[in-house]
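Working notes, structure below.
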Amino acid sequence: QLEGGGTATLDIELAYLELPVLAHVAPAVGRFRPVFFGGPSPALQIGCDLQLVIQPEPIRVTCSEADITFREWDLGMVVGGGVEAHLNRATLALEARYTAGLRSILDDARVDNRSFAILLALTF
């Protein structure tokens with residue numbers, strides 16, 4: 001709620017460097033194989049920006065400029081699955097994964113990170 005009435009949207013953009021430690025299960029059932037994975041994913045915050053969306057022009061600042069402190073690290077849990085195609089000397093994989101943060105990113109309120117990703121990978 002804004003002073004004088006009206007509302008605004010606060011867009012929080014956090015960037016993390018993640019190191020997922022995942023158990024990976026891929027039954028050997030031919031050239032195309034289903035895959036399932038899951039495990040913890042510690043993450044270190046490497047960027048933070050805020051944008052207050054108001055008219056006529058949004059206001060964009062870094063978190064340090066706005067004097068708002070978000071926790072510097074998070075711990076998430078990853079689950080996902082997909083399909084791998086084993087080629088002659090490479091593997092092509094299409095995967096979907098969901099990551100849920102286990103810690104609040106703020107000290108004063110419960111706000112968690114959540115992400116969904118679709119990945120296309122080629123390994124050789």
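Residue names in the structure tokens use chain letters A, B, ... in the order shown, residue numbers from 1 in each chain, and ligand numbers from 1 in the order shown.
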Practice item. As a PyMOL selection string, please: all residues of chain A that backbone DSSP puts in strand (DSSP E). Key: chain A and resi 9-18+23-25+32-53+59-62+73-86+91-101+114-123
Check your understanding: Counting only C-alpha atoms, what is within 9 Å of A:Met77, bar same-chain residues fewer than 2 positions away, as a PyMOL selection string?
Key -> chain A and resi 20+38-42+75+79+98-102
Exercise for review: May I have the residues within 8 Å of A:Arg31 as a ChimeraX atom specification, using only C-alpha atoms and disregarding those fewer than 2 positions away in the same chain?
Suggested key: /A:29,33,84-87
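Of note, atom CA of A:Ala117 and atom CA of A:Pro34 are spaced 17.3 Å apart.
Between atom CA of A:Thr123 and atom CA of A:Phe36 there is a distance of 16.9 Å.
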Revision key, fill the gap. Between A:Ile105, A:Leu92, A:Val25, A:Ala43, smallest distance to A:Ile12 by only C-alpha atoms belongs to A:Ile105
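Nearest residue to A:Phe124, choosing from A:Ala90, A:Glu95, A:Arg110, A:Val21 and counting only C-alpha atoms: A:Ala90.
With distances restricted to only C-alpha atoms, A:Glu13 is the closest residue to A:Gln51 from A:Arg97, A:Ala121, A:Glu13, A:Arg71.
Nearest residue to A:Glu18, choosing from A:Cys63, A:Ile46, A:Val111, A:Ala93 and counting only C-alpha atoms: A:Ile46.
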Check your understanding: Can you list, as an NGL selection string, every protein, DNA or RNA residue that comes within 12 Å of A:Val61 when you count only C-alpha atoms, leaving out same-chain residues fewer than 6 positions away?
Key -> :A and (10-13 or 47-53 or 67-68)
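Candidate residues A:Leu94, A:Val78, A:Leu17, A:Leu22 were compared for distance to A:Phe116, and the nearest is A:Val78, using only C-alpha atoms.
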